[in-house]
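Q: Please find final-v9.cif (mmCIF, C-alpha atoms) on the next line:
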data_input
loop_
_atom_site.label_atom_id
_atom_site.label_comp_id
_atom_site.auth_asym_id
_atom_site.auth_seq_id
_atom_site.Cartn_x
_atom_site.Cartn_y
_atom_site.Cartn_z
CA ARG A 1 121.42 45.91 105.07
CA LYS A 2 118.98 45.51 102.20
CA GLU A 3 120.23 46.56 98.78
CA VAL A 4 117.70 49.40 98.63
CA GLU A 5 115.56 50.24 101.62
CA GLN A 6 112.70 52.67 102.05
CA ASP A 7 110.17 53.48 104.75
CA PRO A 8 106.88 52.20 103.26
CA GLY A 9 104.81 54.93 104.98
CA PRO A 10 102.17 56.02 104.35
CA PHE A 11 103.07 59.62 104.88
CA ASN A 12 99.88 61.62 105.35
CA VAL A 13 100.39 65.35 104.80
CA PRO A 14 98.11 68.32 104.14
CA GLU A 15 98.27 70.28 100.92
CA GLY A 16 101.07 72.81 100.98
CA ALA A 17 103.24 70.81 103.36
CA THR A 18 106.86 69.88 102.81
CA VAL A 19 107.66 66.20 103.04
CA ALA A 20 110.90 64.25 102.77
CA PHE A 21 111.62 60.59 102.15
CA ASN A 22 114.88 58.78 102.68
CA CYS A 23 116.28 55.78 100.92
CA THR A 24 119.35 53.83 102.00
CA TYR A 25 121.46 51.69 99.71
CA SER A 26 124.03 49.06 100.52
CA ASN A 27 126.55 49.27 97.70
CA SER A 28 129.00 52.10 98.28
CA ALA A 29 130.15 51.83 94.64
CA SER A 30 126.75 52.87 93.27
CA GLN A 31 127.11 55.79 90.87
CA SER A 32 123.60 56.72 89.86
CA PHE A 33 120.28 56.86 91.60
CA PHE A 34 116.72 57.46 90.52
CA TRP A 35 113.42 58.43 92.03
CA TYR A 36 110.39 57.11 90.24
CA ARG A 37 106.76 57.82 90.95
CA GLN A 38 104.17 55.07 90.67
CA ASP A 39 100.43 55.61 90.74
CA CYS A 40 98.18 52.72 91.70
CA ARG A 41 98.41 49.93 89.12
CA LYS A 42 100.41 52.08 86.73
CA GLU A 43 103.96 51.99 85.47
CA PRO A 44 106.87 53.62 87.31
CA LYS A 45 107.54 57.04 85.86
CA LEU A 46 110.91 58.71 86.18
CA LEU A 47 110.80 61.68 88.52
CA MET A 48 114.46 62.54 89.06
CA SER A 49 117.95 61.25 88.34
CA VAL A 50 120.86 61.81 90.72
CA TYR A 51 124.39 61.40 89.44
CA SER A 52 126.33 63.70 91.76
CA SER A 53 125.39 65.37 95.00
CA GLY A 54 121.83 66.20 94.12
CA ASN A 55 119.27 67.49 91.71
CA GLU A 56 116.40 69.95 91.79
CA ASP A 57 113.35 70.22 89.58
CA GLY A 58 110.71 72.71 90.63
CA ARG A 59 109.19 71.58 93.91
CA PHE A 60 111.28 68.42 94.00
CA THR A 61 114.81 68.14 95.35
CA ALA A 62 116.90 65.01 95.57
CA GLN A 63 120.03 64.90 97.70
CA LEU A 64 122.73 62.26 97.83
CA ASN A 65 124.79 61.52 100.92
CA ARG A 66 127.52 59.10 99.85
CA ALA A 67 129.13 58.92 103.28
CA SER A 68 125.94 57.64 104.87
CA GLN A 69 124.72 55.90 101.73
CA TYR A 70 121.33 57.46 101.45
CA ILE A 71 119.40 59.60 99.03
CA SER A 72 116.48 61.78 99.96
CA LEU A 73 113.57 63.25 98.09
CA LEU A 74 112.06 66.51 99.28
CA ILE A 75 108.70 67.68 98.01
CA ARG A 76 107.77 71.27 98.76
CA ASP A 77 104.27 72.76 98.62
CA SER A 78 102.61 69.33 98.27
CA LYS A 79 99.69 69.06 95.85
CA LEU A 80 96.85 66.56 95.91
CA SER A 81 98.26 65.21 92.65
CA ASP A 82 101.51 64.29 94.42
CA SER A 83 99.69 61.40 96.12
CA ALA A 84 101.49 58.32 94.84
CA THR A 85 104.15 55.80 95.75
CA TYR A 86 107.72 57.05 95.38
CA LEU A 87 110.24 54.43 94.38
CA CYS A 88 113.94 54.66 95.09
CA VAL A 89 115.87 52.87 92.36
CA VAL A 90 119.57 52.03 92.20
CA PRO A 91 121.30 50.31 89.28
CA ARG A 92 123.32 47.35 90.49
CA GLU A 93 126.92 48.16 89.62
CA GLY A 94 128.38 45.88 86.99
CA PHE A 95 124.98 44.48 86.14
CA GLN A 96 122.28 45.60 83.77
CA LYS A 97 119.45 45.79 86.23
CA LEU A 98 117.68 48.29 88.40
CA VAL A 99 117.04 47.44 92.01
CA PHE A 100 113.81 48.89 93.35
CA GLY A 101 112.96 49.78 96.89
CA THR A 102 109.55 48.83 98.18
CA GLY A 103 108.39 52.42 97.75
CA THR A 104 107.11 55.10 100.10
CA ARG A 105 103.43 55.91 99.88
CA LEU A 106 102.45 59.58 100.07
CA LEU A 107 98.90 60.75 100.69
CA VAL A 108 98.24 64.47 100.35
CA SER A 109 94.92 65.59 101.77
CA PRO A 110 92.96 68.85 101.29
CA GLU B 1 107.58 62.40 73.50
CA PRO B 2 108.85 58.90 72.67
CA GLU B 3 107.46 56.17 74.87
CA VAL B 4 107.59 52.45 75.43
CA THR B 5 104.40 50.74 74.34
CA GLN B 6 103.12 47.37 75.47
CA THR B 7 100.37 45.09 74.26
CA PRO B 8 98.01 43.78 75.40
CA SER B 9 97.15 45.89 78.42
CA HIS B 10 95.41 42.96 80.07
CA GLN B 11 95.58 39.24 79.34
CA VAL B 12 93.70 36.44 81.03
CA THR B 13 94.99 32.94 80.40
CA GLN B 14 94.43 29.46 81.70
CA MET B 15 97.12 27.76 83.72
CA GLY B 16 99.47 25.82 81.48
CA GLN B 17 98.89 28.01 78.44
CA GLU B 18 101.59 29.97 76.67
CA VAL B 19 101.47 33.75 76.57
CA ILE B 20 103.47 36.29 74.64
CA LEU B 21 103.73 39.83 75.92
CA ARG B 22 104.80 42.44 73.42
CA CYS B 23 106.73 45.65 73.75
CA VAL B 24 108.03 48.34 71.44
CA PRO B 25 110.94 50.07 73.15
CA ILE B 26 111.99 53.65 72.45
CA SER B 27 113.67 53.62 69.06
CA ASN B 28 117.19 54.84 69.87
CA HIS B 29 117.49 52.84 73.08
CA LEU B 30 119.95 49.96 73.28
CA TYR B 31 119.04 48.18 76.50
CA PHE B 32 115.75 46.43 77.01
CA TYR B 33 114.27 44.95 80.16
CA TRP B 34 111.35 43.06 81.56
CA TYR B 35 110.26 43.62 85.12
CA ARG B 36 107.25 42.33 86.95
CA GLN B 37 105.23 43.47 89.94
CA ILE B 38 102.97 41.14 91.85
CA LEU B 39 100.05 43.05 93.35
CA GLY B 40 101.12 44.80 96.54
CA GLN B 41 104.77 43.93 96.11
CA LYS B 42 107.81 45.71 94.76
CA VAL B 43 108.99 45.81 91.18
CA GLU B 44 111.28 42.85 90.42
CA PHE B 45 113.85 42.47 87.69
CA LEU B 46 113.38 39.59 85.26
CA VAL B 47 115.79 40.01 82.38
CA SER B 48 117.91 42.49 80.46
CA PHE B 49 118.71 42.32 76.76
CA TYR B 50 121.48 44.05 74.88
CA ASN B 51 123.04 43.54 71.48
CA ASN B 52 120.51 40.84 70.62
CA GLU B 53 121.20 38.65 73.57
CA ILE B 54 120.30 38.25 77.20
CA SER B 55 122.83 40.12 79.29
CA GLU B 56 121.43 39.27 82.67
CA LYS B 57 118.53 37.36 84.16
CA SER B 58 117.15 36.83 87.63
CA GLU B 59 116.38 33.58 89.38
CA ILE B 60 112.73 34.15 88.53
CA PHE B 61 113.56 33.94 84.83
CA ASP B 62 113.69 30.17 84.55
CA ASP B 63 113.28 27.88 81.54
CA GLN B 64 109.60 28.80 81.26
CA PHE B 65 110.56 32.31 80.21
CA SER B 66 112.18 33.51 77.02
CA VAL B 67 112.72 36.84 75.31
CA GLU B 68 113.13 37.72 71.70
CA ARG B 69 113.66 40.72 69.50
CA PRO B 70 112.15 39.32 66.31
CA ASP B 71 112.64 42.49 64.27
CA GLY B 72 114.09 45.96 64.69
CA SER B 73 111.31 47.25 66.87
CA ASN B 74 109.53 44.59 68.92
CA PHE B 75 110.74 42.96 72.12
CA THR B 76 108.72 40.03 73.43
CA LEU B 77 108.46 38.02 76.62
CA LYS B 78 107.13 34.48 76.30
CA ILE B 79 105.95 32.39 79.20
CA ARG B 80 105.68 28.81 77.98
CA SER B 81 103.44 27.19 80.56
CA THR B 82 101.85 29.73 82.85
CA LYS B 83 101.36 29.12 86.54
CA LEU B 84 98.99 30.83 88.93
CA GLU B 85 101.95 32.60 90.54
CA ASP B 86 102.85 34.22 87.22
CA SER B 87 99.87 36.52 87.71
CA ALA B 88 101.38 40.00 87.90
CA MET B 89 101.89 43.25 86.07
CA TYR B 90 104.69 42.88 83.55
CA PHE B 91 106.58 46.02 82.61
CA CYS B 92 108.87 46.44 79.65
CA ALA B 93 111.51 49.14 79.89
CA SER B 94 114.31 50.52 77.79
CA SER B 95 117.31 52.76 78.29
CA VAL B 96 120.00 54.40 76.23
CA GLY B 97 122.84 53.24 78.45
CA GLN B 98 123.54 50.77 81.18
CA ARG B 99 123.44 53.09 84.18
CA LEU B 100 121.06 55.59 82.70
CA GLU B 101 117.39 56.16 83.24
CA ALA B 102 115.01 53.43 82.14
CA PHE B 103 111.60 54.29 80.74
CA PHE B 104 108.73 51.95 81.37
CA GLY B 105 105.77 50.93 79.31
CA GLN B 106 102.28 51.05 80.76
CA GLY B 107 102.42 47.34 81.59
CA THR B 108 100.52 44.17 80.78
CA ARG B 109 98.37 42.81 83.55
CA LEU B 110 98.58 39.02 83.30
CA THR B 111 95.97 37.01 85.13
CA VAL B 112 96.40 33.23 85.20
CA VAL B 113 93.27 31.32 86.15
#
Could the structure of this file be written out as structure tokens, please?

A:
Amino acid sequence: RKEVEQDPGPFNVPEGATVAFNCTYSNSASQSFFWYRQDCRKEPKLLMSVYSSGNEDGRFTAQLNRASQYISLLIRDSKLSDSATYLCVVPREGFQKLVFGTGTRLLVSP
Amino acid sequence: EPEVTQTPSHQVTQMGQEVILRCVPISNHLYFYWYRQILGQKVEFLVSFYNNEISEKSEIFDDQFSVERPDGSNFTLKIRSTKLEDSAMYFCASSVGQRLEAFFGQGTRLTVV
């Protein structure tokens, strides 16, 4: 299994839809997890941090399933501005580095 | 809101030339990083820096690369003799703690011709 794995998409959804992405990770000892958003040719921007079972911020919900070693990101009521690539990021335990997934591309259409 | 700043935003250099990419991390952060992203590929770790020394580096970070924190605010990445394959977006990042969120600068697009 890859260290961090994501479905690259793209996910094409209409405005107002609910969409969910999954990310699997290989190290069962991982303690923290992040979702970043990256617009084309821009820097990754932190969207959500997950340290326990999950986190919610407005339309965005992240859930952690330690038994199956995956984290999910749910976006409700999609907006056109949500179109971006969503990066799953896991710090490598014992090391000072973040491991990035390849990202999942979301396209929200009118 | 504090942010990581990077300069220049875009640099074009000839193969074999030296480049220095500059970053000003967030002021109370202790961990500093360089990542790069080749166009169309994922973000890759290069190096982390803590307590004025390299704490970890990837296999990409060979002898051509070096980092420095010359004063209390700047954090630089030097590439001694650039190759065509060094063309990428280079991101600087910083974080308060080891497992905590990292914040990224807007990146320097390096083009080696």

Q: Quick one, how far is atom CA of Arg59 of chain A from atom CA of Thr18 of chain A?

A: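 If I compute the distance from atom CA of Arg59 of chain A to atom CA of Thr18 of chain A, I get 9.4 Å.
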
Q: Find, counting all atoms listed in the file, the residue in A:Val13, A:Phe34, A:Val50, A:Pro8 that gets nearest to Leu107 of chain A.

A: A:Val13

Q: Got a sec to resolve the PyMOL selection byres ((chain A) within 12 of (chain B)) on this structure and send the residues as a PyMOL selection string?

A: chain A and resi 4-6+8+30-51+85-105

Q: What gap, in Å, lies between atom CA of Asp63 of chain B and atom CA of Thr76 of chain B?

A: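 Between atom CA of Asp63 of chain B and atom CA of Thr76 of chain B the gap works out to 15.3 Å.
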
Q: Can you translate the PyMOL selection byres ((chain B and resi 8) around 9) into the concrete residues it hits in this file, as a list in words?

A: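 Taken on the displayed file, the PyMOL selection byres ((chain B and resi 8) around 9) yields the residues Gln6, Thr7, Ser9, His10, Gln11, Leu21, Arg22, Gly107, Thr108 and Arg109 of chain B.
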
Q: Tell me, in Å to one decimal, how far atom CA of Ile20 of chain B is from atom CA of Leu77 of chain B.

A: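 Between atom CA of Ile20 of chain B and atom CA of Leu77 of chain B the gap works out to 5.6 Å.
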
Q: Determine, counting all atoms listed in the file, every residue of protein, DNA or RNA that lies within 12 Å of (108.7, 48.7, 64.7) in the file coordinates, then give the result as number ranges by chain.

A: B: 4-5, 22-28, 69-75

Q: What's around Ile75 of chain A at 7 Å? Count all atoms listed in the file, leave out sequence neighbours fewer than 3 positions away in its own chain, and write the answer as a PyMOL selection string.

A: chain A and resi 18-20+59-61+78

Q: Compile the contact shell of Gln17 of chain B as a list in words: residues with an atom at most 6 Å away, counting all atoms listed in the file, same-chain residues fewer than 2 positions apart removed.

A: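 Final neighbour list, sorted by chain and number: Gln14, Met15, Ser81 and Thr82 of chain B.
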
Q: Give the answer as one residue: which of A:Ser109, A:Ser81, A:Ser53, A:Ser28 has the shortest atom-to-atom distance to Gln69 of chain A, using only C-alpha atoms?

A: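 Comparing A:Ser109, A:Ser81, A:Ser53, A:Ser28 against Gln69 of chain A, the winner is A:Ser28.
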
Q: Could you spell out the hits of the PyMOL selection byres ((chain A and resi 1) around 7) on the shown file, as a PyMOL selection string?

A: chain A and resi 2-3+26

Q: Compare B:Val12, B:Ile54, B:Val112, B:Ile38 by their minimum atom-to-atom distance to Leu84 of chain B, counting all atoms listed in the file, and give me the closest one.

A: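 When distances to Leu84 of chain B are compared using all atoms listed in the file, the smallest one comes from B:Val112.
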
Q: What's around Tyr70 of chain A at 7 Å? Count all atoms listed in the file, leave out sequence neighbours fewer than 2 positions away in its own chain, and write the answer as a compact mmCIF listing (two decimals) with C-alpha atoms, in the frame of the given file.

A:
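So the final result, stored in part13.txt, reads:
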# COMPACT_ATOMS: atom_id res chain seq x y z
CA ASN A 22 114.88 58.78 102.68
CA CYS A 23 116.28 55.78 100.92
CA THR A 24 119.35 53.83 102.00
CA TYR A 25 121.46 51.69 99.71
CA LEU A 64 122.73 62.26 97.83
CA ASN A 65 124.79 61.52 100.92
CA ARG A 66 127.52 59.10 99.85
CA SER A 68 125.94 57.64 104.87
CA SER A 72 116.48 61.78 99.96

Q: Tell me which of B:Asp62, B:Thr13, B:Lys78, B:Leu30 sits closest to Thr111 of chain B, counting all atoms listed in the file.

A: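 So, comparing all the options, the nearest one is B:Thr13.
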
Q: Ranking A:Ala67, A:Ala29, A:Ala62, A:Ala17 by minimum distance to Leu80 of chain A and counting all atoms listed in the file, which one comes first?

A: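 Closest to Leu80 of chain A, using all atoms listed in the file: A:Ala17.
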